[in-house]
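Novice: Attaching a single structure in structure tokens format; questions to follow.
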Amino acid sequence: MAETKTQTKTSGDGEATSPLAVEEAKEQAQVEGESKPGQQAELSNLEIVRHYFDKAADHMGLPDDVRVVFWTPYREVTVQIPIKCTDGKIRVFSGYRIQHNGARGPYKGGVRFHPEVDVDEVRALASLMTWKTAVANVPFGGAKGGVNCDPEVLTHDELQRITRSFMDKIEKVLGPTRDIPAPDVNTNAQTMAWMMDEYGKLHGHTPAICTGKPLSLEGSHGREAATGRGCVYMFREAAPSLGLSPADTKFVVQGFGNVGSWAARIMQQLGSKMIAVSDVHGAIRNDEGIDADALQKHLASGNRITEFPGSEEVSAEDLIAVPCDVFIPAALGGMIHEGNAHRMQCKVLVEGANSPTTPAADEILRENDTYVIPDVMANAGGVVVSYFEWVQNLQHFRWDEREVNDKLGNVMRKAYREVSSRAKEEGLDLREAAYLVGIERVVEAARTRGYIDHTDHE
Ligand code: NAD
């Protein structure tokens, strides 16, 4: 990450400033045309996850007193992260690690750096991880972490200090058999390397403390691409019954980051054509096709998406409405909502992002016969390969990329088939069926280990 990113504000009076300085910078950026359209969801991420959980719980007749166990997380840690920034001032950030449920194994979930991170968002993402690990049937519980900061206005050194300080403050609730973080929005292999190094200062070299690490530090082949690749595996499973062939598929990506760019590059390898794409800075469209590999290189060289040659700039609102076969939301939660879902013209929605679709939007998409492959199964590829990385670390062994991708394919196909056959049996959509499968597995584990009383609910 380039040092030139520093735009932290100074007041000139030598006093410590709060993270409000970062907020001000963000507001300023929005005034200057950097607004983040699409985030007008009628519900918060927590309300979205709670809604889908309750709907499945109603269907399966889960008693209220059992439900209550899953409405709230097992453990919530909130920490203060004071950092001396490169301008000499101290800024205080808030960090969270929330462990939702560990009935099926150690807690597992990413760490997000974003100015909109708050305790409710992390709660929502943690509970989604509980259901996701269960649907994929990997032996983990669900957790999530986040720091309320804006990496767009922080230097590489400041990000390193935030990461190390965050790890120092939460390490007591982490561990390779307790809770294992991974990357999420605005964090990456470098962030995980810092986390592992900081943890190692206290506990000795412990690669299995986090996943999504660089290959040079016992990361796994295939981890970086895994979430996007998993989305593509899910689409391939669904395609024949929808009359789609990957070679003739046109797709749109909202959020060309880790998940979105890898999904695009792998779809392209199958012959599919990306016809529109966005990131936080803008959106572009070209009905003749946008080369995902070239766009990736263009952005990695520090260019803006809207400067990509040969494409027309469109608004974020219009990106939603581009007619296509597959739409892949891969940015933030709540970006498909009751105000824009009716504009969507895709046959399939593959949810790379977490909670991209509000319940009202989900209803609109159902009425319009859009086939939705929900987050809780579609984007599980990341945690599946994180599981493989953890297994390799515990054994100090390395699998080659082909082995990782083949194993990922097997897990994703199995999850798709289990969920889709359940959906058919019970007349449900994939989201309801996936939650049903996930909740059943977690409840069974929680009861069997005696975490919740077995006898009262037989
Ligand atoms: P990332 O930071 O690599 O990419 C996020 C992308 O979204 C960036 O291109 C960013 O510019 C873009 N974006 C942000 N706000 C936007 C807006 N308002 N409009 C359009 N684009 C916007 O993050 P990621 O790891 O790719 O995660 C993306 C989503 O996938 C998140 O919802 C995350 O929780 C989910 N997810 C990630 C993983 C993983 O392994 N990284 C696993 C499962 C789910």
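Chain lettering (A, B, ...) mirrors the order of the structure tokens, residue numbering begins at 1 for each chain separately, and ligand numbering begins at 1 in order of display.
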Run DSSP on the backbone and grab whatever in region 3-200 of chain A lands in strand (DSSP E); send it over as a ChimeraX atom specification.

Specialist: /A:75-84,90-101,107-113,142-147,179-183

Novice: Could I get the residue neighbourhood of ligand 1 at 7 Å, counting only C-alpha atoms and all ligand atoms, as a PyMOL selection string?

Specialist: chain A and resi 36-39+183-187+226-227+254-260+278-282+316+330-333+352-354+379-380+382-383

Novice: Between A:Leu408, A:Ala134, A:Leu299, A:Leu128, which is the closest to Val232 (chain A) once you count only C-alpha atoms?

Specialist: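 Closest residue, counting only C-alpha atoms: A:Leu408.
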
Novice: Running DSSP on the backbone, which parts of region 203-269 of chain A land in alpha helix (DSSP H), as a PyMOL selection string?

Specialist: chain A and resi 203+223-242+258-269

Novice: Residues as selected, N, CA, C and O atoms, written as a compact mmCIF listing (two decimals), in the first residue's frame, can you do that?

Specialist:
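Wrote out14.txt, looks like this:
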# COMPACT_ATOMS: atom_id res chain seq x y z
N HIS A 203 3.32 -15.88 21.81
CA HIS A 203 3.04 -17.31 21.91
C HIS A 203 4.02 -18.19 21.13
O HIS A 203 3.84 -19.40 21.09
N ARG A 223 -5.97 -19.66 -1.60
CA ARG A 223 -6.81 -18.98 -0.62
C ARG A 223 -7.30 -17.63 -1.13
O ARG A 223 -8.46 -17.27 -0.96
N GLU A 224 -6.38 -16.86 -1.76
CA GLU A 224 -6.77 -15.52 -2.18
C GLU A 224 -7.94 -15.57 -3.16
O GLU A 224 -8.87 -14.76 -3.09
N ALA A 225 -7.93 -16.55 -4.05
CA ALA A 225 -8.98 -16.62 -5.08
C ALA A 225 -10.21 -17.40 -4.60
O ALA A 225 -11.22 -17.45 -5.30
N ALA A 226 -10.13 -17.98 -3.40
CA ALA A 226 -11.10 -19.02 -3.03
C ALA A 226 -12.56 -18.54 -2.97
O ALA A 226 -13.46 -19.27 -3.41
N THR A 227 -12.79 -17.33 -2.45
CA THR A 227 -14.18 -16.91 -2.32
C THR A 227 -14.80 -16.68 -3.71
O THR A 227 -15.91 -17.15 -4.00
N GLY A 228 -14.03 -16.01 -4.57
CA GLY A 228 -14.52 -15.79 -5.94
C GLY A 228 -14.68 -17.11 -6.68
O GLY A 228 -15.66 -17.34 -7.38
N ARG A 229 -13.70 -18.01 -6.51
CA ARG A 229 -13.77 -19.31 -7.19
C ARG A 229 -14.99 -20.10 -6.71
O ARG A 229 -15.70 -20.73 -7.48
N GLY A 230 -15.24 -20.02 -5.40
CA GLY A 230 -16.39 -20.73 -4.84
C GLY A 230 -17.70 -20.21 -5.43
O GLY A 230 -18.62 -20.99 -5.71
N CYS A 231 -17.79 -18.90 -5.64
CA CYS A 231 -19.00 -18.32 -6.26
C CYS A 231 -19.18 -18.92 -7.65
O CYS A 231 -20.31 -19.25 -8.06
N VAL A 232 -18.08 -19.06 -8.38
CA VAL A 232 -18.17 -19.60 -9.74
C VAL A 232 -18.57 -21.08 -9.71
O VAL A 232 -19.41 -21.53 -10.51
N TYR A 233 -18.03 -21.84 -8.77
CA TYR A 233 -18.44 -23.24 -8.64
C TYR A 233 -19.95 -23.34 -8.40
O TYR A 233 -20.64 -24.20 -8.95
N MET A 234 -20.47 -22.44 -7.57
CA MET A 234 -21.90 -22.46 -7.27
C MET A 234 -22.71 -22.15 -8.53
O MET A 234 -23.72 -22.80 -8.82
N PHE A 235 -22.26 -21.13 -9.27
CA PHE A 235 -22.96 -20.78 -10.51
C PHE A 235 -22.95 -21.96 -11.47
O PHE A 235 -23.96 -22.29 -12.10
N ARG A 236 -21.79 -22.64 -11.58
CA ARG A 236 -21.69 -23.77 -12.52
C ARG A 236 -22.65 -24.90 -12.15
O ARG A 236 -23.19 -25.58 -13.01
N GLU A 237 -22.84 -25.09 -10.85
CA GLU A 237 -23.79 -26.12 -10.42
C GLU A 237 -25.21 -25.76 -10.82
O GLU A 237 -26.00 -26.60 -11.21
N ALA A 238 -25.53 -24.47 -10.69
CA ALA A 238 -26.90 -24.02 -10.95
C ALA A 238 -27.20 -23.89 -12.44
O ALA A 238 -28.34 -24.07 -12.87
N ALA A 239 -26.15 -23.58 -13.23
CA ALA A 239 -26.35 -23.16 -14.63
C ALA A 239 -27.19 -24.13 -15.47
O ALA A 239 -28.14 -23.69 -16.14
N PRO A 240 -26.90 -25.45 -15.47
CA PRO A 240 -27.65 -26.32 -16.40
C PRO A 240 -29.15 -26.27 -16.19
O PRO A 240 -29.92 -26.17 -17.16
N SER A 241 -29.60 -26.26 -14.93
CA SER A 241 -31.05 -26.27 -14.70
C SER A 241 -31.68 -24.93 -15.05
O SER A 241 -32.90 -24.82 -15.18
N LEU A 242 -30.85 -23.89 -15.22
CA LEU A 242 -31.38 -22.58 -15.60
C LEU A 242 -31.23 -22.32 -17.10
O LEU A 242 -31.53 -21.23 -17.58
N ASN A 258 -11.23 -8.22 -3.76
CA ASN A 258 -10.74 -9.61 -3.75
C ASN A 258 -11.78 -10.55 -4.34
O ASN A 258 -11.52 -11.25 -5.32
N VAL A 259 -12.97 -10.56 -3.76
CA VAL A 259 -14.00 -11.52 -4.17
C VAL A 259 -14.45 -11.26 -5.60
O VAL A 259 -14.48 -12.17 -6.45
N GLY A 260 -14.79 -10.00 -5.89
CA GLY A 260 -15.33 -9.65 -7.20
C GLY A 260 -14.33 -9.87 -8.32
O GLY A 260 -14.68 -10.40 -9.39
N SER A 261 -13.07 -9.49 -8.10
CA SER A 261 -12.10 -9.60 -9.20
C SER A 261 -11.76 -11.06 -9.47
O SER A 261 -11.59 -11.45 -10.62
N TRP A 262 -11.68 -11.86 -8.42
CA TRP A 262 -11.38 -13.27 -8.67
C TRP A 262 -12.57 -13.99 -9.31
O TRP A 262 -12.40 -14.80 -10.22
N ALA A 263 -13.77 -13.67 -8.86
CA ALA A 263 -14.95 -14.28 -9.49
C ALA A 263 -14.95 -13.91 -10.98
O ALA A 263 -15.17 -14.76 -11.85
N ALA A 264 -14.64 -12.64 -11.29
CA ALA A 264 -14.65 -12.18 -12.68
C ALA A 264 -13.58 -12.90 -13.50
O ALA A 264 -13.84 -13.35 -14.62
N ARG A 265 -12.38 -12.99 -12.93
CA ARG A 265 -11.29 -13.61 -13.70
C ARG A 265 -11.58 -15.08 -13.96
O ARG A 265 -11.28 -15.61 -15.03
N ILE A 266 -12.19 -15.75 -13.00
CA ILE A 266 -12.44 -17.19 -13.18
C ILE A 266 -13.65 -17.40 -14.12
O ILE A 266 -13.64 -18.30 -14.96
N MET A 267 -14.66 -16.54 -14.01
CA MET A 267 -15.78 -16.61 -14.97
C MET A 267 -15.23 -16.42 -16.39
O MET A 267 -15.65 -17.11 -17.32
N GLN A 268 -14.32 -15.49 -16.53
CA GLN A 268 -13.74 -15.20 -17.85
C GLN A 268 -12.99 -16.41 -18.40
O GLN A 268 -13.03 -16.68 -19.60
N GLN A 269 -12.30 -17.14 -17.51
CA GLN A 269 -11.60 -18.36 -17.96
C GLN A 269 -12.58 -19.38 -18.54
O GLN A 269 -12.21 -20.22 -19.35

Novice: Between A:Val411, A:Ala283, A:Val122, A:Ala182, which residue has the minimum interatomic distance to Glu313 (chain A), considering only C-alpha atoms?

Specialist: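 Among the listed residues, the smallest separation from Glu313 (chain A) belongs to A:Ala283.
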
Novice: In Å, how far is it from CA of Phe113 (chain A) to CA of Gly95 (chain A)?

Specialist: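 Going from CA of Phe113 (chain A) over to CA of Gly95 (chain A) covers 9.2 Å.
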
Novice: Do you know which residues are at most 10 Å from region 68-71 of chain A counting only C-alpha atoms, after dropping those on the same chain fewer than 6 positions away, and could you put them as a ChimeraX atom specification?

Specialist: /A:46,49-50,53-54,100-101,123-124,127,130,439,442-443,446,451-452

Novice: Go through region 169-280 of chain A residue by residue and, counting only C-alpha atoms, keep those with an atom at most 12 Å from region 72-92 of chain A; for each kept residue give the shortest atom pair and its distance in Å to one decimal, ordered by chain and increasing number, as CSV.

Specialist:
residue,atom,partner,partner_atom,distance
A:Lys169,CA,A:Val79,CA,6.6
A:Ile170,CA,A:Val77,CA,7.4
A:Glu171,CA,A:Val77,CA,10.7
A:Lys172,CA,A:Val77,CA,10.2
A:Val173,CA,A:Val77,CA,8.5
A:Leu174,CA,A:Val77,CA,11.1
A:Asp179,CA,A:Arg75,CA,11.4

Novice: When you draw a straight line from CA of Arg285 (chain A) to CA of Glu312 (chain A), how long is it in Å?

Specialist: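 Atom-to-atom, CA of Arg285 (chain A) and CA of Glu312 (chain A) are spaced 5.3 Å apart.
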
Novice: What is the CA of His396 (chain A)-CA of Gln190 (chain A) distance in Å, reported with one decimal?

Specialist: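 Interatomic distance, CA of His396 (chain A) to CA of Gln190 (chain A): 20.3 Å.
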
Novice: For a quick check of understanding, using only C-alpha atoms, which of A:Thr163, A:Asn393, A:Asn340, A:Gln345 has the smallest distance to Ala208 (chain A)?

Specialist: A:Asn393

Novice: Could you list, as an MDAnalysis selection string, every residue within 12 Å of Leu159 (chain A), counting only C-alpha atoms and ignoring same-chain residues fewer than 2 positions away?

Specialist: chainID A and resid 1:3 5:6 81 83:86 93 113:114 147:157 161:166 186:188 190:192 194:195
